[in-house]
Every structure is written in C-alpha cells, then in structure tokens.
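In what follows, a single structure is set out as structure tokens and then discussed.
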Number of protein chains: 2
Amino acid sequence: MLEEKRAIKPGTLLFPNAVVLVSCSDGADKDNIITIGWPGGIGASPPRIGIPIKRQRYSHGLICKTREFVVNIPTSDQMHAINHCGTVSGRNHDKYLECKLDRVAPTKLRFAPSIGQCPISLECRVEAIWDMGSHDYFVGRIVIAHVAENWLGNDNRVQVRAEQLVALVSGNYYRLSEEQGRSTYS
Amino acid sequence: MLEEKRAIKPGTLLFPNAVVLVSCSDGADKDNIITIGWPGGIGASPPRIGIPIKRQRYSHGLICKTREFVVNIPTSDQMHAINHCGTVSGRNHDKYLECKLDRVAPTKLRFAPSIGQCPISLECRVEAIWDMGSHDYFVGRIVIAHVAENWLGNDNRVQVRAEQLVALVSGNYYRLSEEQGRSTYS
C-alpha cells in the first residue's frame, strides 16, 4: 500500500493499545481501580512500566500519596469492569464491589490491593512522576508479578493466553485473532 | 475467572503491545528503521509518545545525534518489514531498500524520513532521554501527523482501520478480530 498522506495537527495516534486496570489505595480505608488505555513498557531490566493519569482523577491523588499501584491485565470477559472503572469516579463508587472483583492483599507493596480476577498483576512502586501537560506520567518499578496458574508453564514462564486479551483502538475494544507469525528480533 | 495466582520474579508483563517502525537519520547521508515493540502514549495535550531503545542499537546513536525520529504505524501486510527492521542492524543494512519502502522527506523535522507505506507517520522531536537501565527511554513531542487519505474522514478525523493493525504478544504477532464494544470513558 502506498496511499497519499495528508498532514494533520499532531495527536497521539498510537494503535492498538493495551488496556489495564490499575488498582491503588489511599493508605487507609479507601481503594480504587482506574482503567488506563496507554500503559507502556519503559524498561526490561529492571522492569518498569509507565501509566499516564489526568490530574483531576481520584486515583491520581491516591497514587501520589502512597506512591504505589498495581497494573492488572484484564481479559475479554471483564469488559464491563474495564468500562465501568474508566467511567465512574472512586470518590463516590466502590468499584471492587460494583464490578464483583476481589481485593487481594499485596505481598511487596504496603497498601494497594490487586484484582483477583485478572490473570496478571504487577505490583509497582512509583519511582518518578513526570509532568506531561494534560497528564502526569507515573513511572513504576515492578517489584513482583503475580500470574494465574493457568497462565504459567511448569518452569514459571508466562504463557500468555492471547485469545483472552483485549486491545483498545480509538475507544473501541477488540480481541486478538489468530497468530500471524513469530518475531525473530529481540 | 478467579484462578489462584503464583508470585514470580518481576518482569514487564504488559500485553498486548503495539509494534511500530521508527525511522531516523544521522543528519547526513544515512538513515535507518528500527522496530519498537513497547511504544507508549505519554500525553495527549501536548501530544507525546515514548519509545525505549537499547543503547547498543544503531538507531540509538542516530536519534541521540539528531534528536528526532518518526513513529510509523505498520499494517499486517508489512509483517516482513516489521520483522526485518527489528532483526538486522542499520550499520550494514539499508532497510528502506531491502524492505522496498519509500523514504518520504519530513515536513517539520530536519532529517528523519518517514515510511511512505505506513498509514500513519508521527514526526517527533526528542524532548528528553531517560536512563532506564537496559534501555534509554526517548520522549518525543509529536510535531505533525501524516495520515493516509483512506484512514481519514472528510473532517480530517482519523478513521483507524483496525482490521489492518498488528499487535505483539510475547514475540508473536496478531491481527485484531471483531469489535467487542465501545468505551464510554474518556
């Protein structure tokens, strides 16, 4: 394909995106879940992940206070939770309760619970918060990973069930279809 | 699903990922293309995108020198280029030539050409380079976007052809399958 292109005003036109459920706590009696559509791997060794959050969001204040969060990878049967946790505010909603999700106590963090129903949960400590204008970008150091038994091989290697994942494109959710090939690069 | 989870050593277990072709130049007579599997949106206003690159990669030196790059979104009929540009080094390969891709001169950047065959090309100026251990993380301010005519509506709004996109999961490429729903959040 070599279609003529048109110049348009700059936008963050990156597709497809992962969509994750980020759980956090106020360090006392409140916790919350926020849907994040632009998570990014930012390093492998040590493992780090970044998430942008708008300043007015309830979770923004919680994560600034406790400096920890959990990235939970959802599956396509959790579409309701993905949508609900991105739509209503934790200021007046208990999203764990409303989405029938289980709080699981952290093993390395102090406060932020992970989501029992998500097959992968990454406990993260905040290393930096970068002002990105519309968003603050939270750089999280992954301190431990929790993976569902049926997503693990005997050697503790993760076997991702790609057919259960969700991708986000311009506000629409998609599942992945059949494998197209294996990469040879690293 | 509520499967028991097992704690494993931390890794950047984020799925699915976009995969992009990043083009760059040495500011003189050499250019290159590198495949990046962890691009991330890091801000909307102003629009910013981040890409991690290992220090030993040829493109790392080029982008440090010129402080510019282009993020090109590939389609599933470019699987060979996606793989090739992530496997061989620009030190001794002309990837545009080998992948039969067209260099398109930038309109806002000084040097880095974009890839004619990719439906979206985002010209980026480097605003920051963050040391992330195994990788340097390049923060790019998107200064202009070029979008294929058949990915645009009459109002210059991008109409992503999701069925042409590629997602990366643990080194395997996938296409997206049918739409699962529309998000209500922002």
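Chains: A, B, ... in order of the structure tokens. Residues: from 1 per chain. Ligands: from 1, in order shown.
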
Item to check | Selection near range 44-61 of chain A, 9 Å with only C-alpha atoms, sequence-local residues under 5 positions removed, as a PyMOL selection string | outcome: (chain A and resi 22-26+31-34+36-39+66+71+89-91+124+132-143) or (chain B and resi 10-14+40-43+132-135)

Item to check | Exercise: range 162-177 of chain A partners within 6 Å, only C-alpha atoms, chain neighbours under 4 positions left out, as a ChimeraX atom specification | outcome: /A:15-18,75-76 /B:175-177,179-183

Print the selection's residues with C-alpha atoms to a file, as a tab-separated table (two decimals), in the first residue's frame.
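Result file follows (again11.tsv):
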chain	number	residue	atom	x	y	z
A	15	PHE	CA	-2.71	1.91	17.75
A	16	PRO	CA	-3.50	-0.64	19.07
A	17	ASN	CA	-3.13	-0.09	22.81
A	18	ALA	CA	-3.25	-2.36	25.78
A	75	THR	CA	-9.44	-10.40	29.96
A	76	SER	CA	-12.24	-10.02	27.44
B	175	ARG	CA	-4.29	-9.18	13.98
B	176	LEU	CA	-7.35	-7.78	15.75
B	177	SER	CA	-10.63	-9.61	15.49
B	179	GLU	CA	-15.07	-5.29	17.72
B	180	GLN	CA	-16.17	-6.16	21.24
B	181	GLY	CA	-17.75	-2.88	22.26
B	182	ARG	CA	-17.22	0.82	22.57
B	183	SER	CA	-15.73	2.50	25.63

Next on the checklist: Among chain A, which residues does DSSP mark as strand (DSSP E) when it is run on the backbone? Keep the chain and numbering as in the structure and answer as a ChimeraX atom specification.
Outcome noted: /A:5-8,17-18,20-25,31-36,40-44,47-54,68-73,103-104,114-115,120-132,135-148,167-169,172-182

Take the residues just selected and output them with C-alpha atoms as a PDB file, in the first residue's frame.
ATOM      1  CA  LYS A   5      -0.905  11.023   3.071  1.00  0.00           C
ATOM      2  CA  ARG A   6      -2.345  14.247   4.416  1.00  0.00           C
ATOM      3  CA  ALA A   7      -0.717  16.351   7.163  1.00  0.00           C
ATOM      4  CA  ILE A   8      -2.999  16.924  10.144  1.00  0.00           C
ATOM      5  CA  ASN A  17      -3.130  -0.089  22.813  1.00  0.00           C
ATOM      6  CA  ALA A  18      -3.245  -2.358  25.781  1.00  0.00           C
ATOM      7  CA  VAL A  20      -5.190  -2.254  32.017  1.00  0.00           C
ATOM      8  CA  LEU A  21      -6.959  -1.958  35.351  1.00  0.00           C
ATOM      9  CA  VAL A  22      -4.752  -0.031  37.784  1.00  0.00           C
ATOM     10  CA  SER A  23      -5.569  -0.560  41.440  1.00  0.00           C
ATOM     11  CA  CYS A  24      -4.454   1.718  44.249  1.00  0.00           C
ATOM     12  CA  SER A  25      -5.193   2.748  47.821  1.00  0.00           C
ATOM     13  CA  ASP A  31      -9.023   1.863  47.457  1.00  0.00           C
ATOM     14  CA  ASN A  32      -9.863   2.316  43.825  1.00  0.00           C
ATOM     15  CA  ILE A  33      -9.482   0.945  40.298  1.00  0.00           C
ATOM     16  CA  ILE A  34      -8.867   3.108  37.217  1.00  0.00           C
ATOM     17  CA  THR A  35      -8.851   1.962  33.597  1.00  0.00           C
ATOM     18  CA  ILE A  36      -5.733   3.075  31.731  1.00  0.00           C
ATOM     19  CA  GLY A  40       3.790   1.440  28.288  1.00  0.00           C
ATOM     20  CA  GLY A  41       6.736  -0.813  28.944  1.00  0.00           C
ATOM     21  CA  ILE A  42       9.650   1.509  29.578  1.00  0.00           C
ATOM     22  CA  GLY A  43      12.404  -0.867  30.591  1.00  0.00           C
ATOM     23  CA  ALA A  44      13.131  -4.564  30.915  1.00  0.00           C
ATOM     24  CA  PRO A  47      11.370  -3.955  34.819  1.00  0.00           C
ATOM     25  CA  ARG A  48       9.448  -0.693  34.634  1.00  0.00           C
ATOM     26  CA  ILE A  49       6.044   0.328  33.384  1.00  0.00           C
ATOM     27  CA  GLY A  50       4.568   3.772  32.853  1.00  0.00           C
ATOM     28  CA  ILE A  51       0.975   4.997  33.090  1.00  0.00           C
ATOM     29  CA  PRO A  52      -0.416   8.446  32.288  1.00  0.00           C
ATOM     30  CA  ILE A  53      -3.174   9.750  34.591  1.00  0.00           C
ATOM     31  CA  LYS A  54      -5.029  13.054  34.378  1.00  0.00           C
ATOM     32  CA  GLU A  68       2.361   2.604  44.733  1.00  0.00           C
ATOM     33  CA  PHE A  69      -0.074   0.970  42.309  1.00  0.00           C
ATOM     34  CA  VAL A  70      -0.823  -2.402  40.751  1.00  0.00           C
ATOM     35  CA  VAL A  71      -1.163  -2.960  37.000  1.00  0.00           C
ATOM     36  CA  ASN A  72      -3.728  -5.717  36.389  1.00  0.00           C
ATOM     37  CA  ILE A  73      -4.145  -7.178  32.885  1.00  0.00           C
ATOM     38  CA  ARG A 103      -9.320  -7.396  46.560  1.00  0.00           C
ATOM     39  CA  VAL A 104      -6.094  -9.354  47.048  1.00  0.00           C
ATOM     40  CA  SER A 114      -4.551  -6.289  43.284  1.00  0.00           C
ATOM     41  CA  ILE A 115      -7.551  -7.685  41.426  1.00  0.00           C
ATOM     42  CA  ILE A 120      -1.561 -10.895  35.686  1.00  0.00           C
ATOM     43  CA  SER A 121      -0.998  -8.350  38.466  1.00  0.00           C
ATOM     44  CA  LEU A 122       2.205  -6.298  38.662  1.00  0.00           C
ATOM     45  CA  GLU A 123       2.921  -4.607  41.993  1.00  0.00           C
ATOM     46  CA  CYS A 124       4.688  -1.302  41.266  1.00  0.00           C
ATOM     47  CA  ARG A 125       6.449   1.320  43.356  1.00  0.00           C
ATOM     48  CA  VAL A 126       6.438   4.836  41.940  1.00  0.00           C
ATOM     49  CA  GLU A 127       9.940   5.942  41.022  1.00  0.00           C
ATOM     50  CA  ALA A 128       9.077   9.190  39.293  1.00  0.00           C
ATOM     51  CA  ILE A 129       6.136  11.365  38.325  1.00  0.00           C
ATOM     52  CA  TRP A 130       6.636  13.406  35.160  1.00  0.00           C
ATOM     53  CA  ASP A 131       4.501  16.404  34.279  1.00  0.00           C
ATOM     54  CA  MET A 132       3.200  15.780  30.756  1.00  0.00           C
ATOM     55  CA  HIS A 135      -1.390  14.015  32.244  1.00  0.00           C
ATOM     56  CA  ASP A 136       1.129  13.123  34.885  1.00  0.00           C
ATOM     57  CA  TYR A 137       3.182  10.128  33.825  1.00  0.00           C
ATOM     58  CA  PHE A 138       3.820   7.651  36.642  1.00  0.00           C
ATOM     59  CA  VAL A 139       6.946   5.544  36.277  1.00  0.00           C
ATOM     60  CA  GLY A 140       6.515   2.319  38.204  1.00  0.00           C
ATOM     61  CA  ARG A 141       9.212  -0.124  39.161  1.00  0.00           C
ATOM     62  CA  ILE A 142       7.675  -3.609  39.072  1.00  0.00           C
ATOM     63  CA  VAL A 143       8.633  -5.258  42.353  1.00  0.00           C
ATOM     64  CA  ILE A 144       6.773  -8.552  41.991  1.00  0.00           C
ATOM     65  CA  ALA A 145       4.492 -10.207  39.450  1.00  0.00           C
ATOM     66  CA  HIS A 146       1.508 -12.428  40.261  1.00  0.00           C
ATOM     67  CA  VAL A 147       0.363 -14.707  37.460  1.00  0.00           C
ATOM     68  CA  ALA A 148      -2.623 -17.078  37.300  1.00  0.00           C
ATOM     69  CA  ALA A 167      -6.842  -4.287  22.729  1.00  0.00           C
ATOM     70  CA  LEU A 168      -8.078  -0.714  22.515  1.00  0.00           C
ATOM     71  CA  VAL A 169      -8.239   1.251  19.251  1.00  0.00           C
ATOM     72  CA  ASN A 172     -13.214   0.531  20.633  1.00  0.00           C
ATOM     73  CA  TYR A 173     -12.315  -2.776  22.230  1.00  0.00           C
ATOM     74  CA  TYR A 174     -11.049  -5.697  20.190  1.00  0.00           C
ATOM     75  CA  ARG A 175      -9.949  -9.239  20.803  1.00  0.00           C
ATOM     76  CA  LEU A 176      -6.912 -10.643  19.039  1.00  0.00           C
ATOM     77  CA  SER A 177      -7.395 -13.027  16.156  1.00  0.00           C
ATOM     78  CA  GLU A 178      -5.198 -15.854  15.015  1.00  0.00           C
ATOM     79  CA  GLU A 179      -1.432 -15.626  15.199  1.00  0.00           C
ATOM     80  CA  GLN A 180       0.260 -14.093  12.157  1.00  0.00           C
ATOM     81  CA  GLY A 181       3.837 -15.113  12.828  1.00  0.00           C
ATOM     82  CA  ARG A 182       6.640 -15.131  15.313  1.00  0.00           C
TER      83      ARG A 182
END
